[in-house]
Amino acid sequence: MPDISTVREYMSRHSNWGKWGADDELGTLNHVTPEIRQRAASLVRKGKPFSLAVPFDENGPQRGTFNRFNPIHLMTRDGADAIAGTSVRDFYGNKDRYFRGTDDLVILPLQASTQWDSLAHVVFEDKIYNGYSADQVSSKGAFRNDITHAAVEPAGRGILLDIPRLKGVDWLEPGTPITGDDLDAALEREGITVQKGDFVLVRTGAISQVRSRGSWGDYAGGDAAGLGLGAIDWVARHEVAAIATDTWGMEVLPNETPDVFQPLHLVFIVQMGLLVGEIWDLDALADDCADDGVYEFFFVGPALPFTNAVASPLNPIAIK
């Protein structure tokens with residue numbers, strides 16, 4: 001049975017520490033070049049955009065696991081303020097007769113909904129990506145590998161690997177591991193190849209299952225299909241820029257290593273420096289890809305530049 005020794009072997013085999021220099025904080029985003037982005041832009045044929053984000057609202061997936069809660073939206077100036085004329089005063093303290101406005105704020109964990117993990121998000125044996133000490137992530141945030149390094153680079157060729165359609169099901173059953181062979185079979189079925197620097201989106205159908213039952217249920221932290229240990233070599237071999245899935249944790253739950261929680265996070269984030277996306281809604285894009293047979297597109301998914309943050313919400317866009 002796989003255990004920590006298995007995980008250590010994968011970590012040793014696929015470590016990118018020092019590959020792009022001792023000071024690197026980009027990780028696998030280094031695979032994306034200006035030439036790759038230029039070619040990716042040519043994939044826009046219909047000009048049809050798809051948002052891959054789930055709604056950011058109080059009805060989201062979180063249920064308190066890891067102290068993550070759903071977004072809280074509050075108005076600081078509303079329509080009643082506008083009617084009363086209390087929302088804006090001019091520089092001299094007089095009420096403005098014409099301009100009225102509304103304002104609001106949001107309180108949320110940065111991993112409450114559709115998000116990227118930064119390379120400071122996971123610690124293994126007191127280290128984060130590229131060998132930096134975990135003390136570089138303090139109560140003031142991450143001074144190495146923070147999410148701002150993903151604020152510009154995530155743009156290029158995206159591909160969708162639709163595993164439920166490969167298997168002829170609406171969604172993969174929770175606990176189903178996705179292997180490298182599954183990813184290859186999806187590529188063959190869709191008539192595409194994976195290229196260096198790709199943003200690979202892997203659909204398990206988890207969001208479809210949520211829609212079917214009408215509730216998030218145990219989506220956040222419960223059993224889930226996802227990438228398994230058998231997908232690690234595939235991801236490393238193809239030198240992809242990022243992996244994103246429609247699940248809460250990207251990898252299969254329960255994990256295949258009883259003694260290690262989220263082993264792929266250790267390999268991908270800590271050792272490979274791979275950008276990982278979670279809680280993405282891939283259903284509308286998958287339907288369109290199935291309709292026209294085109295599973296590649298121009299992808300844009302910059303993180304919000306929260307200084308020293310270890311994750312970021314985003315609204316990733318696929319343009320076909």
# chains A, B, ... in the order shown; residues from 1 in each chain; ligands from 1
call {"tool": "select_by_dssp", "arguments": {"residues": "range 194-244 of chain A", "states": "alpha helix (DSSP H)", "output": "list in words"}}
result
Ala206, Ile207, Ser208, Gln209, Val210, Arg211, Ser212, Arg213, Ile232, Asp233, Trp234, Val235, Ala236 and Arg237 of chain A
call {"tool": "atom_distance", "arguments": {"atom1": "CA of Phe50 in chain A", "atom2": "CA of Asp181 in chain A"}}
result
27.8 Å
call {"tool": "residues_around", "arguments": {"residues": "Tyr295 in chain A", "least_positions_apart": "3", "cutoff": "10 Å", "atoms": "only C-alpha atoms", "output": "VMD selection string"}}
result
chain A and resid 158 to 162 187 190 to 192 285 to 286 288 to 290 292 320
call {"tool": "closest_atom_pairs", "arguments": {"of": "range 53-172 of chain A", "to": "range 263-275 of chain A", "cutoff": "9 Å", "atoms": "only C-alpha atoms", "output": "JSON lines"}}
result
{"residue": "A:Trp116", "atom": "CA", "partner": "A:Leu275", "partner_atom": "CA", "distance": 6.9}
{"residue": "A:Asp117", "atom": "CA", "partner": "A:Leu275", "partner_atom": "CA", "distance": 6.5}
{"residue": "A:Ser118", "atom": "CA", "partner": "A:Leu275", "partner_atom": "CA", "distance": 6.7}
{"residue": "A:Leu119", "atom": "CA", "partner": "A:Ile269", "partner_atom": "CA", "distance": 5.7}
{"residue": "A:Ala120", "atom": "CA", "partner": "A:Val270", "partner_atom": "CA", "distance": 8.0}
{"residue": "A:His121", "atom": "CA", "partner": "A:Ile269", "partner_atom": "CA", "distance": 7.8}
{"residue": "A:Val122", "atom": "CA", "partner": "A:Val270", "partner_atom": "CA", "distance": 6.3}
{"residue": "A:Val123", "atom": "CA", "partner": "A:Val270", "partner_atom": "CA", "distance": 6.8}
{"residue": "A:Phe124", "atom": "CA", "partner": "A:Leu266", "partner_atom": "CA", "distance": 6.8}
{"residue": "A:Lys127", "atom": "CA", "partner": "A:Val270", "partner_atom": "CA", "distance": 7.7}
{"residue": "A:Ile128", "atom": "CA", "partner": "A:Val270", "partner_atom": "CA", "distance": 5.3}
{"residue": "A:Tyr129", "atom": "CA", "partner": "A:Val270", "partner_atom": "CA", "distance": 4.4}
{"residue": "A:Asn130", "atom": "CA", "partner": "A:Gln271", "partner_atom": "CA", "distance": 7.1}
{"residue": "A:Gly131", "atom": "CA", "partner": "A:Val270", "partner_atom": "CA", "distance": 8.5}
{"residue": "A:Ala150", "atom": "CA", "partner": "A:Leu275", "partner_atom": "CA", "distance": 8.3}
call {"tool": "select_by_dssp", "arguments": {"residues": "range 204-286 of chain A", "states": "strand (DSSP E)", "output": "VMD selection string"}}
result
chain A and resid 226 to 227 242 to 245 275 to 278
call {"tool": "closest_residue", "arguments": {"among": "A:Gln115, A:Thr245, A:Thr176, A:Gln262", "to": "Pro316 in chain A", "atoms": "only C-alpha atoms"}}
result
A:Gln115
